[in-house]
>>> print(open('work.tsv').read())   # TSV, C-alpha atoms
chain	number	residue	atom	x	y	z
A	1	MET	CA	71.01	24.11	-53.74
A	2	GLY	CA	71.28	21.40	-51.19
A	3	ALA	CA	72.72	23.68	-48.46
A	4	GLY	CA	70.04	26.35	-49.02
A	5	PHE	CA	67.26	23.74	-48.71
A	6	ILE	CA	68.67	22.46	-45.43
A	7	VAL	CA	68.84	25.98	-44.03
A	8	LEU	CA	65.25	26.58	-45.08
A	9	LEU	CA	64.13	23.44	-43.30
A	10	ILE	CA	65.97	24.51	-40.17
A	11	LEU	CA	64.28	27.92	-40.25
A	12	VAL	CA	60.84	26.37	-40.67
A	13	ALA	CA	61.43	24.01	-37.78
A	14	PHE	CA	62.63	26.87	-35.59
A	15	ALA	CA	59.57	28.91	-36.48
A	16	LEU	CA	57.28	26.04	-35.52
A	17	ILE	CA	59.06	25.60	-32.22
A	18	VAL	CA	58.79	29.31	-31.48
A	19	LEU	CA	55.07	29.26	-32.39
A	20	PHE	CA	54.45	26.25	-30.20
A	21	ARG	CA	56.19	27.91	-27.24
A	22	THR	CA	54.42	31.17	-27.82
A	23	VAL	CA	50.80	30.10	-28.25
A	24	ARG	CA	49.15	27.98	-25.55
A	25	ILE	CA	45.50	26.81	-25.52
A	26	VAL	CA	44.37	25.89	-21.98
A	27	PRO	CA	41.30	23.57	-21.57
A	28	GLN	CA	38.40	24.45	-19.28
A	29	GLN	CA	38.85	23.58	-15.57
A	30	THR	CA	42.61	23.40	-16.06
A	31	ALA	CA	45.29	25.73	-14.73
A	32	LEU	CA	48.87	26.17	-16.01
A	33	ILE	CA	51.56	27.46	-13.68
A	34	ILE	CA	53.95	29.68	-15.70
A	35	GLU	CA	57.48	30.47	-14.50
A	36	ARG	CA	59.64	33.14	-16.05
A	37	LEU	CA	63.33	32.59	-15.70
A	38	GLY	CA	62.70	30.17	-12.85
A	39	ARG	CA	60.26	32.29	-10.86
A	40	TYR	CA	56.47	32.14	-10.68
A	41	ALA	CA	55.00	34.49	-13.25
A	42	ARG	CA	51.28	33.78	-13.55
A	43	THR	CA	48.53	31.12	-13.70
A	44	LEU	CA	46.87	30.49	-17.03
A	45	GLU	CA	43.19	29.47	-17.02
A	46	GLY	CA	41.01	28.14	-19.83
A	47	GLY	CA	41.47	29.87	-23.24
A	48	ILE	CA	44.29	30.92	-25.61
A	49	HIS	CA	47.43	32.55	-24.20
A	50	PHE	CA	50.76	33.86	-25.61
A	51	LEU	CA	54.08	33.25	-23.92
A	52	ILE	CA	57.56	34.55	-24.43
A	53	PRO	CA	59.40	31.70	-26.02
A	54	PHE	CA	62.49	30.40	-24.24
A	55	VAL	CA	61.68	32.74	-21.32
A	56	ASP	CA	58.30	31.56	-19.99
A	57	LYS	CA	58.04	27.94	-18.97
A	58	VAL	CA	55.03	25.77	-17.90
A	59	ARG	CA	55.80	24.45	-14.44
A	60	ALA	CA	52.66	22.35	-13.75
A	61	ASN	CA	49.35	21.44	-15.29
A	62	VAL	CA	46.73	21.35	-12.49
A	63	ASP	CA	43.26	19.79	-12.89
A	64	LEU	CA	40.67	21.93	-11.10
A	65	ARG	CA	37.88	19.36	-11.21
A	66	GLU	CA	36.78	17.39	-8.10
A	67	GLN	CA	38.98	14.37	-7.62
A	68	VAL	CA	38.36	11.07	-5.86
A	69	VAL	CA	41.15	9.16	-4.21
A	70	SER	CA	40.85	5.84	-2.35
A	71	PHE	CA	43.44	4.89	0.21
A	72	PRO	CA	44.38	1.28	1.07
A	73	PRO	CA	43.11	-0.24	4.37
A	74	GLN	CA	44.81	1.17	7.42
A	75	PRO	CA	45.02	-0.68	10.78
A	76	VAL	CA	43.48	1.37	13.58
A	77	ILE	CA	43.20	0.49	17.28
A	78	THR	CA	39.94	1.23	19.07
A	79	SER	CA	39.54	2.23	22.72
A	80	ASP	CA	38.80	-1.41	23.70
A	81	ASN	CA	42.15	-2.54	22.16
A	82	LEU	CA	40.78	-4.10	19.00
A	83	VAL	CA	42.53	-3.66	15.66
A	84	VAL	CA	40.23	-2.82	12.75
A	85	ASN	CA	41.12	-2.14	9.11
A	86	ILE	CA	39.46	0.94	7.65
A	87	ASP	CA	39.29	1.97	3.99
A	88	THR	CA	38.74	5.66	3.33
A	89	VAL	CA	37.66	7.61	0.27
A	90	ILE	CA	38.45	11.33	-0.08
A	91	TYR	CA	36.63	13.75	-2.40
A	92	TYR	CA	38.68	16.93	-2.92
A	93	SER	CA	39.19	19.75	-5.39
A	94	VAL	CA	42.03	22.25	-6.04
A	95	ILE	CA	40.93	25.81	-5.44
A	96	ASP	CA	44.41	27.44	-5.66
A	97	ALA	CA	46.74	25.93	-8.22
A	98	LYS	CA	49.76	28.03	-7.12
A	99	SER	CA	49.49	26.84	-3.48
A	100	ALA	CA	48.94	23.23	-4.57
A	101	VAL	CA	52.20	23.43	-6.55
A	102	TYR	CA	54.43	25.51	-4.30
A	103	GLU	CA	53.13	24.85	-0.75
A	104	ILE	CA	53.53	21.05	-0.79
A	105	ALA	CA	55.54	18.74	-2.95
A	106	ASN	CA	52.84	16.03	-3.30
A	107	PHE	CA	49.47	17.02	-1.91
A	108	ILE	CA	47.94	13.52	-2.60
A	109	GLN	CA	50.49	11.88	-0.33
A	110	GLY	CA	50.00	14.63	2.24
A	111	ILE	CA	46.21	14.09	2.25
A	112	GLU	CA	46.71	10.34	2.70
A	113	GLN	CA	49.03	10.64	5.67
A	114	LEU	CA	46.87	13.31	7.25
A	115	THR	CA	43.80	11.10	6.83
A	116	VAL	CA	45.51	8.14	8.49
A	117	THR	CA	46.71	10.09	11.52
A	118	THR	CA	43.37	11.87	11.96
A	119	LEU	CA	41.48	8.58	11.62
A	120	ARG	CA	43.60	6.99	14.33
A	121	ASN	CA	42.96	9.88	16.67
A	122	VAL	CA	39.19	9.73	16.09
A	123	ILE	CA	38.85	5.94	16.24
A	124	GLY	CA	41.10	5.72	19.31
A	125	SER	CA	38.45	7.44	21.40
A	126	LEU	CA	35.68	5.06	20.34
A	127	ASP	CA	35.07	1.39	21.06
A	128	LEU	CA	34.21	-1.18	18.39
A	129	GLU	CA	30.47	-0.86	18.66
A	130	GLN	CA	30.60	2.94	18.48
A	131	THR	CA	32.98	2.70	15.52
A	132	LEU	CA	30.56	0.49	13.63
A	133	THR	CA	27.54	2.63	14.41
A	134	SER	CA	29.01	6.16	14.26
A	135	ARG	CA	30.17	6.50	10.67
A	136	ASP	CA	28.52	9.87	10.14
A	137	GLN	CA	30.22	11.29	13.23
A	138	ILE	CA	33.62	9.95	12.13
A	139	ASN	CA	33.16	11.32	8.61
A	140	ALA	CA	32.29	14.78	9.94
A	141	GLN	CA	35.34	14.86	12.25
A	142	LEU	CA	37.68	13.71	9.49
A	143	ARG	CA	36.36	16.26	7.04
A	144	GLY	CA	36.71	19.11	9.52
A	145	VAL	CA	40.35	18.23	10.36
A	146	LEU	CA	41.39	17.60	6.73
A	147	ASP	CA	39.70	20.71	5.38
A	148	GLU	CA	41.44	22.87	7.96
A	149	ALA	CA	44.85	21.27	7.35
A	150	THR	CA	44.71	21.30	3.53
A	151	GLY	CA	43.37	24.85	3.26
A	152	LYS	CA	46.89	26.30	3.09
A	153	TRP	CA	47.72	23.83	0.30
A	154	GLY	CA	44.95	25.23	-1.88
A	155	ILE	CA	42.94	22.01	-1.43
A	156	ARG	CA	39.33	21.79	-0.31
A	157	VAL	CA	38.14	18.45	1.07
A	158	ASN	CA	34.49	18.11	0.08
A	159	ARG	CA	33.67	14.73	1.55
A	160	VAL	CA	35.21	11.86	3.51
A	161	GLU	CA	33.71	8.36	3.52
A	162	LEU	CA	34.64	5.21	5.39
A	163	LYS	CA	34.33	2.58	2.70
A	164	ALA	CA	34.83	-0.45	4.94
A	165	ILE	CA	35.46	-1.24	8.61
A	166	ASP	CA	36.79	-4.78	9.00
A	167	PRO	CA	37.22	-6.11	12.56
A	168	PRO	CA	39.30	-9.27	13.18
A	169	MET	CA	37.89	-12.62	12.09
A	170	SER	CA	37.36	-13.79	15.67
A	171	ILE	CA	35.41	-10.64	16.43
A	172	GLN	CA	33.38	-11.10	13.25
A	173	GLU	CA	32.49	-14.66	14.23
A	174	SER	CA	31.49	-13.51	17.73
A	175	MET	CA	29.39	-10.73	16.26
A	176	GLU	CA	27.70	-13.15	13.88
A	177	LYS	CA	26.89	-15.49	16.77
A	178	GLN	CA	25.58	-12.58	18.81
A	179	MET	CA	23.42	-11.37	15.95
A	180	LYS	CA	22.15	-14.90	15.35
A	181	ALA	CA	21.31	-15.30	19.04
A	182	GLU	CA	19.56	-11.92	19.03
A	183	ARG	CA	17.54	-12.82	15.97
A	184	ASP	CA	16.66	-16.21	17.45
A	185	ARG	CA	15.53	-14.45	20.64
A	186	ARG	CA	13.36	-12.05	18.65
A	187	ALA	CA	11.93	-14.95	16.67
A	188	VAL	CA	11.09	-16.83	19.88
A	189	ILE	CA	9.49	-13.69	21.35
A	190	LEU	CA	7.43	-13.14	18.20
A	191	ILE	CA	6.35	-16.78	18.18
A	192	ALA	CA	5.40	-16.57	21.87
A	193	GLU	CA	3.45	-13.36	21.31
A	194	GLY	CA	1.68	-14.92	18.35
A	195	SER	CA	0.85	-18.03	20.40
A	196	LYS	CA	-0.36	-15.80	23.23
A	197	GLN	CA	-2.65	-13.84	20.94
A	198	SER	CA	-3.87	-17.07	19.37
A	199	ASN	CA	-4.64	-18.60	22.78
A	200	ILE	CA	-6.41	-15.43	23.90
A	201	LEU	CA	-8.53	-15.34	20.77
A	202	THR	CA	-9.25	-19.07	21.07
A	203	ALA	CA	-10.24	-18.67	24.74
A	204	GLU	CA	-12.47	-15.72	23.90
A	205	GLY	CA	-14.08	-17.70	21.12
A	206	GLU	CA	-14.67	-20.69	23.40
A	207	LYS	CA	-16.04	-18.39	26.09
A	208	GLN	CA	-18.47	-16.77	23.69
A	209	SER	CA	-19.48	-20.13	22.23
A	210	GLN	CA	-20.08	-21.57	25.74
A	211	ILE	CA	-22.12	-18.49	26.67
A	212	LEU	CA	-24.18	-18.83	23.50
A	213	ARG	CA	-24.64	-22.57	24.07
A	214	ALA	CA	-25.67	-21.91	27.69
A	215	GLU	CA	-28.12	-19.23	26.59
A	216	GLY	CA	-29.51	-21.53	23.93
A	217	SER	CA	-29.80	-24.42	26.41
A	218	ALA	CA	-31.47	-22.16	28.97
A	219	GLN	CA	-33.95	-20.87	26.40
A	220	ALA	CA	-34.60	-24.41	25.20
A	221	ARG	CA	-35.24	-25.61	28.77
A	222	ILE	CA	-37.48	-22.63	29.45
A	223	LEU	CA	-39.48	-23.29	26.29
A	224	GLU	CA	-39.64	-27.01	27.09
A	225	ALA	CA	-40.78	-26.25	30.64
A	226	GLN	CA	-43.37	-23.81	29.32
A	227	GLY	CA	-44.57	-26.43	26.87
A	228	GLN	CA	-44.80	-29.07	29.58
A	229	ALA	CA	-46.58	-26.60	31.86
A	230	ARG	CA	-49.10	-25.82	29.13
A	231	ALA	CA	-49.59	-29.51	28.41
A	232	ILE	CA	-50.08	-30.30	32.10
A	233	GLN	CA	-52.44	-27.37	32.43
A	234	GLN	CA	-54.45	-28.51	29.43
A	235	VAL	CA	-54.57	-32.11	30.73
A	236	PHE	CA	-55.53	-30.84	34.17
A	237	ASP	CA	-58.28	-28.65	32.72
A	238	ALA	CA	-59.46	-31.50	30.51
A	239	ILE	CA	-59.61	-33.87	33.50
A	240	HIS	CA	-61.57	-31.36	35.55
A	241	ARG	CA	-63.89	-30.59	32.69
A	242	GLY	CA	-64.43	-34.35	32.20
A	243	LYS	CA	-65.23	-34.84	35.92
A	244	PRO	CA	-63.38	-38.18	36.33
A	245	THR	CA	-64.88	-40.79	38.59
A	246	GLN	CA	-63.16	-43.04	41.05
A	247	LYS	CA	-63.32	-45.91	38.59
A	248	LEU	CA	-61.30	-44.03	35.92
A	249	LEU	CA	-58.65	-43.08	38.43
A	250	ALA	CA	-58.36	-46.67	39.58
A	251	TYR	CA	-57.97	-47.83	35.98
A	252	GLN	CA	-55.18	-45.29	35.35
A	253	TYR	CA	-53.53	-46.41	38.58
A	254	LEU	CA	-53.39	-50.00	37.34
A	255	GLN	CA	-51.82	-48.87	34.05
A	256	VAL	CA	-49.00	-47.07	35.87
A	257	LEU	CA	-48.14	-50.03	38.16
A	258	PRO	CA	-46.22	-52.04	35.45
A	259	GLN	CA	-44.11	-48.97	34.71
A	260	ILE	CA	-43.17	-48.71	38.37
A	261	ALA	CA	-41.99	-52.33	38.43
A	262	ARG	CA	-40.16	-52.16	35.07
A	263	GLY	CA	-36.73	-51.20	36.45
A	264	ASP	CA	-33.89	-53.75	36.32
A	265	ALA	CA	-32.92	-53.01	39.92
A	266	ASN	CA	-36.37	-53.78	41.27
A	267	LYS	CA	-35.96	-57.23	42.86
A	268	MET	CA	-39.09	-57.02	45.05
A	269	TRP	CA	-42.42	-55.35	44.34
A	270	ILE	CA	-44.66	-54.43	47.27
A	271	ILE	CA	-48.36	-54.37	46.44
A	272	PRO	CA	-49.94	-51.34	48.08
A	273	SER	CA	-52.99	-51.66	50.27
A	274	GLU	CA	-55.01	-49.54	47.87
A	275	LEU	CA	-54.68	-52.19	45.13
A	276	THR	CA	-57.71	-54.15	46.33
A	277	ASP	CA	-59.83	-51.03	46.31
A	278	ALA	CA	-58.49	-50.17	42.88
A	279	LEU	CA	-59.31	-53.67	41.59
A	280	ARG	CA	-62.78	-53.37	43.06
A	281	GLY	CA	-63.27	-50.06	41.25
A	282	ILE	CA	-61.92	-51.55	37.99
A	283	GLY	CA	-64.29	-54.45	38.34
A	284	GLY	CA	-67.17	-52.08	38.73
A	285	ALA	CA	-65.96	-50.12	35.68
A	286	LEU	CA	-65.80	-53.30	33.57
A	287	GLY	CA	-69.37	-54.29	34.54
A	288	VAL	CA	-68.55	-56.96	37.15
A	289	PRO	CA	-70.85	-56.12	40.09
A	290	GLU	CA	-69.77	-56.56	43.63
A	291	LYS	CA	-71.76	-58.75	45.90
A	292	GLY	CA	-74.76	-56.77	46.99
A	293	ARG	CA	-73.90	-53.74	44.75
A	294	GLY	CA	-74.83	-52.54	41.34
A	295	PRO	CA	-72.43	-51.37	38.57
A	296	ASP	CA	-72.64	-47.82	39.94
A	297	GLY	CA	-71.63	-48.82	43.45
A	298	ASP	CA	-75.07	-48.50	44.96
A	299	ASP	CA	-76.86	-51.13	47.03
A	300	GLU	CA	-79.11	-52.21	44.17
A	301	GLU	CA	-78.32	-55.42	42.39
A	302	TRP	CA	-76.79	-55.13	38.95
A	303	VAL	CA	-79.09	-56.01	36.09
A	304	ASP	CA	-77.74	-57.04	32.69
A	305	PRO	CA	-79.11	-54.50	30.20
A	306	GLY	CA	-79.00	-57.10	27.44
A	307	ASP	CA	-79.08	-55.97	23.81
A	308	ALA	CA	-79.96	-52.36	24.44
A	309	GLN	CA	-80.70	-50.17	21.49
A	310	ASP	CA	-77.86	-47.85	20.46
A	311	VAL	CA	-78.83	-44.37	21.54
A	312	PHE	CA	-76.53	-42.78	18.93
A	313	GLN	CA	-78.17	-44.33	15.86
A	314	GLU	CA	-80.61	-41.48	15.41
A	315	THR	CA	-78.02	-38.79	16.15
A	316	VAL	CA	-77.76	-36.21	13.35
A	317	LEU	CA	-74.56	-34.15	13.02
A	318	GLU	CA	-74.92	-30.42	12.56
A	319	ASP	CA	-73.57	-28.41	9.67
A	320	PRO	CA	-69.89	-27.51	10.35
A	321	LYS	CA	-70.42	-23.87	9.32
A	322	GLN	CA	-73.44	-23.53	11.59
A	323	ALA	CA	-71.60	-25.23	14.45
A	324	LEU	CA	-68.63	-22.88	13.97
A	325	ALA	CA	-70.89	-19.84	14.02
A	326	GLU	CA	-72.62	-21.05	17.19
A	327	ALA	CA	-69.26	-21.73	18.82
A	328	ARG	CA	-68.06	-18.23	17.99
A	329	GLY	CA	-71.22	-16.75	19.42
A	330	MET	CA	-70.90	-18.77	22.61
A	331	ALA	CA	-67.24	-17.75	22.91
A	332	GLY	CA	-68.10	-14.08	22.56
A	333	LYS	CA	-70.87	-14.40	25.12
A	334	ALA	CA	-68.56	-16.18	27.53
A	335	SER	CA	-65.90	-13.51	27.09
A	336	GLN	CA	-68.47	-10.80	27.81
A	337	GLU	CA	-69.67	-12.60	30.94
A	338	ALA	CA	-66.08	-13.05	32.12
A	339	THR	CA	-65.49	-9.32	31.69
A	340	GLU	CA	-68.64	-8.37	33.63
A	341	HIS	CA	-67.99	-10.86	36.43
A	342	ALA	CA	-64.23	-10.52	36.83
A	343	ALA	CA	-64.53	-11.34	40.55
A	344	PRO	CA	-67.59	-13.57	41.02
A	345	ALA	CA	-68.93	-14.29	44.51
A	346	SER	CA	-68.10	-17.63	46.02
A	347	ARG	CA	-70.88	-20.15	45.69
A	348	VAL	CA	-71.73	-22.74	48.31
A	349	GLN	CA	-70.75	-26.12	47.05
A	350	PRO	CA	-73.20	-28.97	47.59
A	351	THR	CA	-72.34	-31.49	50.22
A	352	VAL	CA	-70.34	-34.28	48.75
A	353	GLY	CA	-71.35	-37.74	49.92
A	354	PRO	CA	-68.87	-40.36	50.96
A	355	PRO	CA	-67.24	-42.34	48.18
A	356	ALA	CA	-68.33	-45.86	47.50
A	357	ASP	CA	-65.19	-47.44	48.94
A	358	ALA	CA	-64.95	-45.23	52.06
A	359	VAL	CA	-64.84	-46.95	55.41
A	360	PRO	CA	-67.28	-45.49	57.99
A	361	PRO	CA	-67.19	-43.29	59.85
A	362	TYR	CA	-66.56	-40.82	56.96
A	363	GLU	CA	-65.70	-37.14	57.50
A	364	PRO	CA	-66.14	-34.83	54.53
A	365	PRO	CA	-63.14	-32.63	53.62
A	366	PRO	CA	-63.24	-28.99	54.68
A	367	PHE	CA	-64.79	-26.65	52.13
A	368	GLU	CA	-62.41	-24.33	50.23
A	369	PRO	CA	-63.84	-21.57	48.07
A	370	PRO	CA	-62.72	-21.76	44.43
A	371	ALA	CA	-60.04	-19.37	43.18
A	372	PRO	CA	-61.17	-16.55	40.89
A	373	PRO	CA	-60.71	-17.43	37.20
A	374	ALA	CA	-57.94	-15.91	35.09
A	375	GLU	CA	-58.63	-12.90	32.93
A	376	GLY	CA	-60.25	-13.82	29.63
A	377	THR	CA	-61.47	-17.29	30.77
A	378	GLU	CA	-65.02	-18.47	31.41
A	379	PRO	CA	-66.01	-18.76	35.11
A	380	PRO	CA	-66.89	-22.27	36.29
A	381	ARG	CA	-70.51	-23.19	36.28
A	382	THR	CA	-72.20	-25.34	38.93
>>> encode(input="work.tsv", output="structure tokens")
Amino acid sequence: MGAGFIVLLILVAFALIVLFRTVRIVPQQTALIIERLGRYARTLEGGIHFLIPFVDKVRANVDLREQVVSFPPQPVITSDNLVVNIDTVIYYSVIDAKSAVYEIANFIQGIEQLTVTTLRNVIGSLDLEQTLTSRDQINAQLRGVLDEATGKWGIRVNRVELKAIDPPMSIQESMEKQMKAERDRRAVILIAEGSKQSNILTAEGEKQSQILRAEGSAQARILEAQGQARAIQQVFDAIHRGKPTQKLLAYQYLQVLPQIARGDANKMWIIPSELTDALRGIGGALGVPEKGRGPDGDDEEWVDPGDAQDVFQETVLEDPKQALAEARGMAGKASQEATEHAAPASRVQPTVGPPADAVPPYEPPPFEPPAPPAEGTEPPRT
């Protein structure tokens, strides 16, 4: 009983071993290299497969998916004799499992050594600056060389990347100083350009403001001059319409004399020779008769009028509306006359007698015909 049970167990174990060696389930993207009696028989891909037990043997299990392998930093010398450490990353995939197993003993090690030698050849023809700025070119050259060399191994190199390029510490410090100096230079240039633009804009603003102030000052002076001209013209017209006498002019002359002598720098004041004549005229204007003359400067003696009756007591003012209407009518009539007689003939002025204070012999001034009146104004009446 005991011996039969042991034999049964042995048979069951043998059957399981035979079944395990006969049936093989291969996962997707995996390849099994089968050898029969020591020689390559076939490559099993994903699915279920049956083998001859104790005759067929699985040599290698190859993963067909894309693999990533990172190599340690490798020292490489550039064309300007600088040693840099470069880390590389390889992306590859197995396209022929039989070649990957039988053409090379360890394709990972082969890819690493091939990458190092190719990298040294590529970097040796470049200087440090080109090495740092030409990563795409280096990657393309490495990929082309590796893909061509690993094709017979059943390996396809999909991508090569330079993970890091580390120059010596002294070179790194020099590069940092250079970059700092370059950035400082750019900052100074930007600040100078900003200051230049600011100064230009400020100068343009000051220029425009000065132009505007000058224009405003010019317009203000023109308006002020026009106002003064109008005021002088009105005063001049008013004086001529009022027909001032010699006495009024002498009185105005005396009023201006204190203003002439008001200055602080005036240490000496010279009395003009006309002052006596002016005082004589003022005396006549104030009612003080000269010896042998009346208040009007004639040869008649001056007589005190006494308490004369006010001639304005019986004066009656007109209605403002009526006076306004009459003034409008007179203005219209004067405008019509000015239009009809735009260029009136010169009239002979009466002979003007010598003034009261003239010293004989007296010669009358030459006669000058009056200028024609301006358009829209009333011609002078004699």
>>> closest_residue(input="work.tsv", among="A:Glu103, A:Asp80, A:Glu161, A:Glu224", to="Asp127 (chain A)", atoms="all atoms listed in the file")
A:Asp80
>>> axis_aligned_box(input="work.tsv", around="region 147-158 of chain A", padding_each_side="3 Å", output="lines of an AutoDock Vina configuration file")
center_x = 41.1
center_y = 22.2
center_z = 3.0
size_x = 19.2
size_y = 14.2
size_z = 15.8
>>> atom_distance(input="work.tsv", atom1="CA of Val62 (chain A)", atom2="CA of Ala100 (chain A)")
8.4 Å
>>> residues_around(input="work.tsv", residues="region 17-31 of chain A", least_positions_apart="2", cutoff="8 Å", atoms="all atoms listed in the file", output="ChimeraX atom specification")
/A:13-15,33,43-54,61-65,97
>>> atom_distance(input="work.tsv", atom1="CA of Glu112 (chain A)", atom2="CA of Asn158 (chain A)")
14.7 Å
>>> atom_distance(input="work.tsv", atom1="CA of Ala192 (chain A)", atom2="CA of Glu176 (chain A)")
23.9 Å
>>> residues_around(input="work.tsv", residues="Gln137 (chain A)", least_positions_apart="3", cutoff="12 Å", atoms="all atoms listed in the file", output="list of chain:residue names")
A:Leu119, A:Val122, A:Ile123, A:Leu126, A:Gln130, A:Thr131, A:Leu132, A:Thr133, A:Ser134, A:Ala140, A:Gln141, A:Leu142, A:Arg143, A:Gly144, A:Val160, A:Glu161, A:Leu162
>>> closest_residue(input="work.tsv", among="A:Val157, A:Gln219, A:Gly38, A:Gly329", to="Tyr91 (chain A)", atoms="only C-alpha atoms")
A:Val157
>>> closest_residue(input="work.tsv", among="A:Asp237, A:Asp166, A:Asp136, A:Asp184", to="Gln74 (chain A)", atoms="all atoms listed in the file")
A:Asp166
